[in-house]
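I have placed the structure first, in the form of structure tokens, so that the comments after it can refer back to it.
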Amino acid sequence: MSFKNLFIQHERSPEEEAWLEEEIVEQEERFARIEQSMDDLKPVRAKWYQEFFDRIATIGFNVDGDQKQVIPRDELPVQPEGREDQVVWKYGVDDE
């Protein structure tokens, strides 16, 4: 058994199966609401990114104690074209 394969063979009663299906539906709904909330925050999140970049380009960030390192604006990361922020809520990868 590899460390990635954590599945343990077992049987469930019909009551357990029904409960599990109900829980899955509830979780999917809950995570859809979370994902929608995160999508609604996109404009605010873009503002937060810009404020952070402005801060580290002007006053820098703490390296050690009182020492600060300023990042030149030309070294700041740029979001790749066509790439959006993604809300990740599942643990691991389904096909592993």
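Letters A, B, ... mark the chains of the structure tokens in the order given; residue numbers begin at 1 per chain; ligand numbers begin at 1, in order shown.
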
(request) Go through segment 6-51 of chain A and collect every residue that DSSP, computed from the backbone, puts in alpha helix (DSSP H); the answer should be as a ChimeraX atom specification. (result) /A:14-40,42-51

(message) Taking only C-alpha atoms into account, name the residue in A:Ser13, A:Ser37, A:Gln69, A:Gln86 that is nearest to Ala57 of chain A.
(response)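 Looking only at the distances to Ala57 of chain A, the closest residue turns out to be A:Gln69.
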
(request) Would you mind telling me which residue in A:Glu26, A:Leu76, A:Ala32, A:Leu6 lies nearest to Arg55 of chain A when using only C-alpha atoms? (result)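 Using only C-alpha atoms, Arg55 of chain A sits closest to A:Leu76.
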